[in-house]
$ cat target.txt   # compact mmCIF, C-alpha atoms and all ligand atoms
# COMPACT_ATOMS: atom_id res chain seq x y z
CA MET A 1 20.77 -77.09 167.16
CA ALA A 2 24.21 -75.65 166.35
CA LEU A 3 27.10 -78.11 166.19
CA ASP A 4 28.87 -76.72 169.25
CA GLU A 5 25.66 -77.03 171.29
CA LYS A 6 25.21 -80.64 170.11
CA ILE A 7 28.77 -81.41 171.21
CA LEU A 8 28.24 -79.86 174.64
CA GLN A 9 24.99 -81.81 175.10
CA LEU A 10 26.66 -85.11 174.12
CA LYS A 11 29.55 -84.31 176.39
CA ARG A 12 27.23 -84.00 179.40
CA GLU A 13 25.30 -87.16 178.52
CA LYS A 14 28.44 -89.24 178.11
CA LYS A 15 30.45 -87.77 181.02
CA ALA A 16 33.12 -86.68 178.57
CA ILE A 17 35.69 -83.92 178.71
CA ILE A 18 37.22 -82.18 175.73
CA LEU A 19 40.91 -81.34 175.87
CA ALA A 20 42.37 -79.14 173.14
CA HIS A 21 46.03 -78.57 172.39
CA ASN A 22 47.25 -74.98 172.07
CA TYR A 23 47.53 -75.47 168.27
CA GLN A 24 43.87 -76.38 167.71
CA ARG A 25 41.45 -74.33 165.63
CA PRO A 26 39.90 -71.38 167.54
CA GLU A 27 36.40 -72.91 167.50
CA VAL A 28 37.79 -76.15 168.94
CA GLN A 29 39.66 -74.29 171.70
CA ASP A 30 36.45 -72.41 172.49
CA ILE A 31 34.39 -75.56 173.21
CA ALA A 32 37.17 -77.33 175.14
CA ASP A 33 37.16 -77.83 178.91
CA TYR A 34 40.90 -77.20 178.94
CA VAL A 35 43.39 -75.79 176.47
CA GLY A 36 47.09 -76.43 177.01
CA ASP A 37 50.20 -78.33 176.00
CA SER A 38 50.17 -82.12 175.79
CA ILE A 39 51.38 -82.90 179.28
CA GLU A 40 49.27 -80.21 180.96
CA LEU A 41 46.26 -81.81 179.26
CA SER A 42 47.17 -85.38 180.23
CA ARG A 43 47.54 -84.23 183.83
CA LYS A 44 44.15 -82.49 183.66
CA ALA A 45 42.66 -85.76 182.43
CA MET A 46 44.14 -87.55 185.48
CA GLU A 47 42.53 -84.99 187.81
CA GLU A 48 39.08 -85.37 186.23
CA LYS A 49 38.03 -88.41 188.23
CA GLU A 50 34.39 -88.31 187.10
CA ALA A 51 35.10 -88.26 183.37
CA GLU A 52 34.63 -91.52 181.48
CA ILE A 53 35.60 -90.30 178.02
CA ILE A 54 38.40 -87.94 177.01
CA VAL A 55 38.14 -86.31 173.61
CA PHE A 56 41.74 -85.32 172.92
CA ALA A 57 41.81 -82.74 170.14
CA ALA A 58 45.47 -82.98 169.15
CA VAL A 59 47.71 -85.48 167.30
CA ASP A 60 48.46 -89.18 167.76
CA PHE A 61 51.31 -89.14 170.28
CA MET A 62 49.44 -86.79 172.63
CA ALA A 63 46.33 -88.97 172.66
CA GLU A 64 48.57 -91.99 173.26
CA SER A 65 50.13 -90.31 176.32
CA ALA A 66 46.65 -89.50 177.65
CA ALA A 67 45.63 -93.16 177.16
CA ILE A 68 48.81 -94.39 178.88
CA LEU A 69 48.29 -92.10 181.88
CA ASN A 70 44.52 -92.69 182.08
CA PRO A 71 44.10 -96.41 181.39
CA GLU A 72 40.62 -96.53 182.96
CA LYS A 73 39.23 -93.86 180.58
CA LYS A 74 38.26 -94.08 176.93
CA VAL A 75 40.45 -91.69 174.91
CA LEU A 76 39.17 -90.51 171.52
CA LEU A 77 41.27 -88.83 168.84
CA PRO A 78 38.65 -86.96 166.73
CA SER A 79 40.67 -87.31 163.52
CA ALA A 80 42.26 -90.74 163.14
CA GLY A 81 44.71 -89.30 160.59
CA ALA A 82 46.10 -86.57 162.86
CA ARG A 83 49.69 -87.79 163.03
CA CYS A 84 52.75 -85.79 164.00
CA PRO A 85 55.39 -86.13 161.27
CA MET A 86 58.20 -85.46 163.73
CA ALA A 87 57.09 -88.32 165.99
CA GLN A 88 57.12 -90.62 162.95
CA MET A 89 60.80 -89.76 162.32
CA LEU A 90 62.02 -91.86 165.27
CA THR A 91 61.37 -95.58 164.82
CA VAL A 92 62.17 -98.39 167.23
CA ASP A 93 64.77 -99.75 164.77
CA GLU A 94 66.54 -96.38 164.78
CA ILE A 95 66.55 -96.33 168.59
CA LYS A 96 68.00 -99.86 168.73
CA ARG A 97 70.75 -98.85 166.29
CA TRP A 98 71.82 -95.94 168.53
CA ARG A 99 71.53 -98.01 171.69
CA VAL A 100 74.09 -100.45 170.23
CA LEU A 101 76.46 -97.58 169.40
CA TYR A 102 76.10 -95.98 172.89
CA PRO A 103 75.09 -98.78 175.28
CA LEU A 104 75.91 -96.85 178.48
CA VAL A 105 74.41 -93.50 177.51
CA PRO A 106 70.89 -92.62 178.79
CA LEU A 107 68.17 -92.00 176.24
CA VAL A 108 65.80 -89.06 176.78
CA LEU A 109 62.83 -88.74 174.46
CA TYR A 110 60.76 -85.66 173.85
CA VAL A 111 57.08 -86.47 174.45
CA ASN A 112 56.61 -85.88 170.71
CA THR A 113 57.31 -89.56 170.03
CA LEU A 114 55.11 -92.59 169.58
CA ALA A 115 54.47 -94.86 172.58
CA SER A 116 56.48 -97.64 170.89
CA ALA A 117 59.54 -95.34 171.01
CA LYS A 118 58.87 -94.09 174.56
CA ALA A 119 58.91 -97.71 175.74
CA TYR A 120 62.66 -97.83 174.94
CA CYS A 121 63.76 -94.64 176.68
CA ASP A 122 64.95 -93.91 180.22
CA VAL A 123 62.89 -90.78 180.71
CA CYS A 124 60.65 -88.43 178.70
CA CYS A 125 60.71 -84.64 178.62
CA THR A 126 58.69 -81.76 177.18
CA SER A 127 60.06 -78.63 175.54
CA ALA A 128 59.24 -76.84 178.84
CA ASN A 129 61.25 -79.19 181.08
CA ALA A 130 63.92 -80.70 178.77
CA VAL A 131 66.73 -78.67 180.38
CA GLU A 132 65.62 -79.62 183.91
CA VAL A 133 65.34 -83.33 183.00
CA ILE A 134 68.78 -83.48 181.34
CA ASN A 135 70.39 -81.55 184.23
CA ALA A 136 68.93 -84.07 186.69
CA LEU A 137 70.66 -87.01 184.97
CA ASP A 138 73.97 -88.20 186.31
CA ALA A 139 75.48 -88.31 182.81
CA GLU A 140 77.49 -85.89 180.70
CA THR A 141 76.45 -87.46 177.40
CA VAL A 142 72.80 -88.09 176.52
CA LEU A 143 71.00 -89.54 173.50
CA PHE A 144 68.04 -87.30 172.68
CA GLY A 145 65.27 -87.53 170.10
CA PRO A 146 63.58 -86.81 167.83
CA ASP A 147 63.96 -83.01 167.43
CA HIS A 148 67.52 -81.97 166.64
CA ASN A 149 66.78 -78.27 167.23
CA LEU A 150 65.55 -78.97 170.75
CA ALA A 151 68.61 -81.23 171.26
CA GLU A 152 70.89 -78.36 170.22
CA TYR A 153 69.05 -75.93 172.51
CA VAL A 154 69.37 -78.31 175.48
CA GLN A 155 73.08 -78.73 174.75
CA GLU A 156 73.53 -74.94 174.82
CA LYS A 157 71.65 -74.66 178.12
CA THR A 158 73.15 -77.64 179.99
CA GLY A 159 76.71 -77.74 178.59
CA LYS A 160 76.32 -81.52 178.24
CA THR A 161 76.94 -83.50 175.04
CA ILE A 162 73.56 -84.17 173.48
CA ILE A 163 73.51 -86.68 170.61
CA PRO A 164 70.41 -86.15 168.46
CA ILE A 165 68.64 -89.26 167.19
CA PRO A 166 67.85 -89.36 164.33
CA GLU A 167 70.54 -86.88 163.26
CA ARG A 168 68.10 -84.41 161.64
CA GLY A 169 64.65 -84.93 163.20
CA PHE A 170 62.52 -81.79 162.91
CA CYS A 171 59.07 -80.24 163.11
CA PRO A 172 58.11 -79.12 159.57
CA THR A 173 55.97 -76.28 160.92
CA HIS A 174 58.60 -74.74 163.20
CA LEU A 175 61.22 -75.01 160.47
CA LEU A 176 59.21 -72.50 158.39
CA PHE A 177 60.24 -69.51 160.50
CA GLN A 178 63.05 -67.36 159.11
CA PRO A 179 65.05 -64.69 160.98
CA GLU A 180 64.90 -62.31 157.96
CA GLU A 181 61.11 -62.21 158.19
CA VAL A 182 61.25 -61.52 161.92
CA GLN A 183 63.73 -58.68 161.30
CA ALA A 184 61.30 -57.20 158.76
CA LEU A 185 58.47 -57.39 161.32
CA LYS A 186 60.73 -55.78 163.90
CA ALA A 187 61.07 -52.80 161.55
CA ASP A 188 57.26 -52.42 161.70
CA TYR A 189 57.03 -53.11 165.44
CA PRO A 190 60.33 -51.94 166.96
CA ASP A 191 59.08 -52.39 170.55
CA ALA A 192 57.86 -55.94 170.00
CA VAL A 193 59.19 -58.80 172.11
CA VAL A 194 60.17 -61.85 170.02
CA MET A 195 59.08 -65.23 171.47
CA VAL A 196 60.52 -68.34 169.80
CA HIS A 197 59.77 -72.04 170.33
CA PRO A 198 62.88 -74.23 170.83
CA GLU A 199 61.82 -76.43 167.88
CA CYS A 200 62.85 -73.47 165.66
CA THR A 201 66.35 -73.22 164.20
CA ALA A 202 69.39 -71.87 166.08
CA GLU A 203 69.26 -68.73 163.87
CA MET A 204 65.72 -68.07 165.08
CA ARG A 205 66.64 -68.70 168.70
CA LYS A 206 69.52 -66.23 168.37
CA ILE A 207 67.20 -63.32 167.57
CA ALA A 208 64.68 -64.22 170.28
CA ASP A 209 64.02 -62.19 173.41
CA PHE A 210 62.45 -65.28 174.93
CA VAL A 211 62.77 -68.98 174.04
CA GLY A 212 60.17 -71.32 175.51
CA SER A 213 57.41 -73.86 175.10
CA THR A 214 53.82 -72.86 174.35
CA SER A 215 52.87 -72.90 178.05
CA GLN A 216 55.98 -70.87 178.93
CA MET A 217 55.11 -68.33 176.20
CA CYS A 218 51.63 -67.92 177.74
CA GLN A 219 53.13 -67.32 181.20
CA TYR A 220 55.77 -64.94 179.81
CA ALA A 221 53.24 -62.87 177.83
CA LYS A 222 51.01 -62.51 180.90
CA LYS A 223 53.83 -61.27 183.14
CA SER A 224 55.60 -59.07 180.58
CA ASN A 225 55.01 -55.33 180.45
CA ALA A 226 55.45 -55.38 176.67
CA GLU A 227 52.41 -54.59 174.53
CA ILE A 228 53.41 -56.26 171.26
CA PHE A 229 54.80 -59.76 170.73
CA ILE A 230 56.13 -61.44 167.60
CA VAL A 231 55.44 -65.15 168.04
CA ALA A 232 57.32 -68.00 166.36
CA THR A 233 55.24 -71.11 166.95
CA GLU A 234 52.18 -72.72 165.37
CA GLU A 235 49.48 -70.12 164.71
CA GLY A 236 46.87 -71.78 166.99
CA LEU A 237 48.63 -70.44 170.08
CA LEU A 238 47.77 -66.87 169.09
CA HIS A 239 44.08 -67.50 169.76
CA ARG A 240 44.89 -68.43 173.38
CA LEU A 241 47.40 -65.59 173.79
CA ARG A 242 44.85 -63.04 172.55
CA ARG A 243 42.06 -64.45 174.72
CA GLU A 244 44.23 -64.36 177.85
CA ASN A 245 45.74 -60.93 177.10
CA PRO A 246 43.05 -58.85 175.38
CA SER A 247 44.95 -55.57 175.76
CA LYS A 248 48.15 -56.91 174.13
CA ARG A 249 48.94 -57.48 170.48
CA PHE A 250 50.32 -60.74 169.04
CA VAL A 251 51.78 -61.02 165.55
CA LEU A 252 52.63 -64.39 163.99
CA ALA A 253 56.26 -64.45 162.79
CA TYR A 254 55.19 -66.24 159.60
CA GLU A 255 51.56 -66.36 158.46
CA GLY A 256 51.96 -69.84 156.94
CA ALA A 257 53.02 -71.51 160.19
CA VAL A 258 50.15 -73.96 160.33
CA CYS A 259 50.42 -77.61 161.36
CA PRO A 260 48.00 -79.33 158.98
CA ASN A 261 47.79 -82.38 161.24
CA MET A 262 46.63 -80.38 164.24
CA LYS A 263 43.99 -78.71 162.09
CA LEU A 264 42.40 -82.03 161.07
CA ASN A 265 40.31 -81.89 164.26
CA THR A 266 37.22 -79.98 163.15
CA LEU A 267 34.03 -79.48 165.19
CA GLU A 268 32.33 -81.93 162.83
CA ARG A 269 34.92 -84.62 163.58
CA ILE A 270 34.72 -83.97 167.31
CA TYR A 271 30.96 -84.38 167.15
CA LEU A 272 31.11 -87.61 165.14
CA SER A 273 33.90 -89.09 167.21
CA LEU A 274 32.01 -88.43 170.45
CA ARG A 275 28.63 -89.54 169.10
CA ASN A 276 29.98 -92.82 167.71
CA GLU A 277 32.80 -93.22 170.28
CA ARG A 278 35.06 -93.65 167.31
CA HIS A 279 38.87 -93.56 166.98
CA VAL A 280 39.58 -94.96 170.42
CA VAL A 281 43.29 -94.72 171.20
CA LYS A 282 44.66 -97.79 172.96
CA VAL A 283 48.28 -98.55 173.71
CA PRO A 284 48.90 -102.28 174.12
CA GLU A 285 50.79 -103.82 177.01
CA PRO A 286 53.71 -104.08 177.67
CA ILE A 287 54.42 -100.93 175.61
CA ALA A 288 51.99 -98.88 177.74
CA SER A 289 53.56 -99.79 181.08
CA LYS A 290 57.12 -99.20 179.82
CA ALA A 291 56.16 -95.82 178.31
CA ARG A 292 54.26 -94.92 181.52
CA LYS A 293 57.45 -95.48 183.54
CA ALA A 294 59.35 -93.04 181.29
CA LEU A 295 56.58 -90.43 181.67
CA GLU A 296 56.37 -90.95 185.45
CA LYS A 297 60.15 -90.57 185.76
CA MET A 298 59.76 -87.15 184.08
CA PHE A 299 57.00 -86.20 186.58
CA GLU A 300 59.26 -87.34 189.48
CA ILE A 301 62.11 -85.12 188.29
CA THR A 302 59.95 -82.09 187.58
CA HIS A 303 57.25 -82.63 190.30
S1 LIG B 401 53.48 -78.63 165.22
FE1 LIG B 401 55.21 -79.94 164.67
S2 LIG B 401 55.65 -81.19 166.47
FE2 LIG B 401 53.58 -80.31 166.72
S3 LIG B 401 52.20 -81.88 165.89
FE3 LIG B 401 52.65 -80.46 164.22
S4 LIG B 401 54.42 -81.39 163.16
FE4 LIG B 401 54.25 -82.39 165.18

$ encode --input "target.txt" --output "structure tokens" --more "lines below"
Ligand code: SF4
Amino acid sequence: MALDEKILQLKREKKAIILAHNYQRPEVQDIADYVGDSIELSRKAMEEKEAEIIVFAAVDFMAESAAILNPEKKVLLPSAGARCPMAQMLTVDEIKRWRVLYPLVPLVLYVNTLASAKAYCDVCCTSANAVEVINALDAETVLFGPDHNLAEYVQEKTGKTIIPIPERGFCPTHLLFQPEEVQALKADYPDAVVMVHPECTAEMRKIADFVGSTSQMCQYAKKSNAEIFIVATEEGLLHRLRRENPSKRFVLAYEGAVCPNMKLNTLERIYLSLRNERHVVKVPEPIASKARKALEKMFEITH
């Protein structure tokens, strides 16, 4: 039996669902029950009342959020080593240091943080709702981590003072995009629409026709009348964009924009993790309940 068939059979036997992030390998996206961004997937998991096991094909912080929001389900991360380097950049010690410097300033954390960090923040946000969350706060100055590019973008959009913590947190994959390379592609595809993720640099955002999260890019591409898109985010999203828009053309703004951590989840690892119920993600109390409050506050603000 082929590996994908074995996975689907196991999935039925064990009442499992497979959730795949937009940056997963094409073959992983193709066997998933849902493909989306981290919060869309965690919400899907909450709706799937019958499921007993969630295989979360993504990186550590996303599986942690799914475990926090679905405490009655077993959450498996197929590759135990799939860690987001940006999430690792914000430690609890760093947060405490900034909290001492700005004791009255609210702390908003991007969901791309570990649960131990989320437990110390007032509210979480995603790249799709960061502007809405910050606008909803009754504060003109906000501590924000860990991505300094997203912090800068939110500052531009809200007019508030956003203090990035740490000062230079970044996503190594999104930092690879360069405006010069996009300009060169524009010469080949003059009618192309340029879509840029807010984790990219300010120079990249400046040349964008549209700045948005992965889910917002999918919505934008569907609605747009354009036929060609130059896309500046991790290459996995192009598989979904092409599947959902077969008549449109999507060109990656830089061919090397691959997150090696996301790609650690292979079909083989999904199979083994589900068969052996291995790499269970658990967030201990009281960290889980504190982090859950920060995530729920975000849901309250954004509905
Ligand atoms: S693409 Fe960037 S933010 Fe996303 S998991 Fe990879 S390193 Fe982390």

$ residues_near_ligand --input "target.txt" --ligand "ligand LIG 401 (chain B)" --cutoff "7 Å" --atoms "only C-alpha atoms and all ligand atoms" --output "PyMOL selection string"
chain A and resi 59+84-87+112+171-174+234+259+261-262

$ closest_residue --input "target.txt" --among "A:Tyr23, A:Ala51, A:Glu5, A:Pro78" --to "Arg278 in chain A" --atoms "only C-alpha atoms"
A:Pro78

$ atom_distance --input "target.txt" --atom1 "CA of Thr201 in chain A" --atom2 "CA of Asn149 in chain A"
5.9 Å

$ residues_around --input "target.txt" --residues "Val194 in chain A" --least-positions-apart "2" --cutoff "9 Å" --atoms "all atoms listed in the file" --output "list in words"
Val182, Lys186, Ala192, Val196, Ile207, Ala208, Asp209, Phe210, Val211, Ile228, Phe229, Ile230, Val231, Ala232 and Ala253 of chain A

$ atom_distance --input "target.txt" --atom1 "CA of Arg99 in chain A" --atom2 "CA of Ala130 in chain A"
20.2 Å

$ atom_distance --input "target.txt" --atom1 "CA of Leu69 in chain A" --atom2 "CA of Arg275 in chain A"
23.6 Å

$ closest_residue --input "target.txt" --among "A:Thr141, A:Ser247, A:Asn276, A:Gln178" --to "Pro164 in chain A" --atoms "all atoms listed in the file"
A:Thr141

$ closest_residue --input "target.txt" --among "A:Glu27, A:Glu50, A:Glu13, A:Asp188" --to "His239 in chain A" --atoms "all atoms listed in the file"
A:Glu27

$ axis_aligned_box --input "target.txt" --around "range 147-155 of chain A" --padding-each-side "3 Å" --output "lines of an AutoDock Vina configuration file"
center_x = 68.5
center_y = -79.5
center_z = 171.1
size_x = 15.1
size_y = 13.1
size_z = 14.8

$ closest_residue --input "target.txt" --among "A:Arg242, A:Val251, A:Val108, A:Pro146" --to "Glu94 in chain A" --atoms "all atoms listed in the file"
A:Pro146

$ closest_residue --input "target.txt" --among "A:Leu176, A:Ala226, A:Glu203, A:Cys218" --to "Pro190 in chain A" --atoms "only C-alpha atoms"
A:Ala226

$ residues_around --input "target.txt" --residues "range 283-299 of chain A" --least-positions-apart "4" --cutoff "8 Å" --atoms "only C-alpha atoms" --output "list in words"
Glu64, Ala67, Ile68, Leu69, Ala115, Ser116, Lys118, Ala119, Tyr120, Cys121, Asp122, Val123, Cys124, Cys125, Val133 and His303 of chain A

$ residues_around --input "target.txt" --residues "Ile270 in chain A" --least-positions-apart "4" --cutoff "12 Å" --atoms "all atoms listed in the file" --output "PyMOL selection string"
chain A and resi 3-4+6-8+10-11+16-20+24-25+27-29+31-32+54-58+76-80+263-266+274-279

$ closest_residue --input "target.txt" --among "A:Pro260, A:Lys223, A:Leu175, A:Thr158" --to "Arg83 in chain A" --atoms "all atoms listed in the file"
A:Pro260

$ residues_around --input "target.txt" --residues "Gly159 in chain A" --least-positions-apart "4" --cutoff "9 Å" --atoms "all atoms listed in the file" --output "list in words"
Glu140, Val154 and Gln155 of chain A

$ write_last_selection --input "target.txt" --atoms "C-alpha atoms" --output "PDB file, in the frame of the given file"
ATOM      1  CA  GLU A 140      77.490 -85.890 180.700  1.00  0.00           C
ATOM      2  CA  VAL A 154      69.370 -78.310 175.480  1.00  0.00           C
ATOM      3  CA  GLN A 155      73.080 -78.730 174.750  1.00  0.00           C
TER       4      GLN A 155
END

$ residues_around --input "target.txt" --residues "Asp37 in chain A" --least-positions-apart "3" --cutoff "8 Å" --atoms "only C-alpha atoms" --output "ChimeraX atom specification"
/A:21-22,40-41,214-215
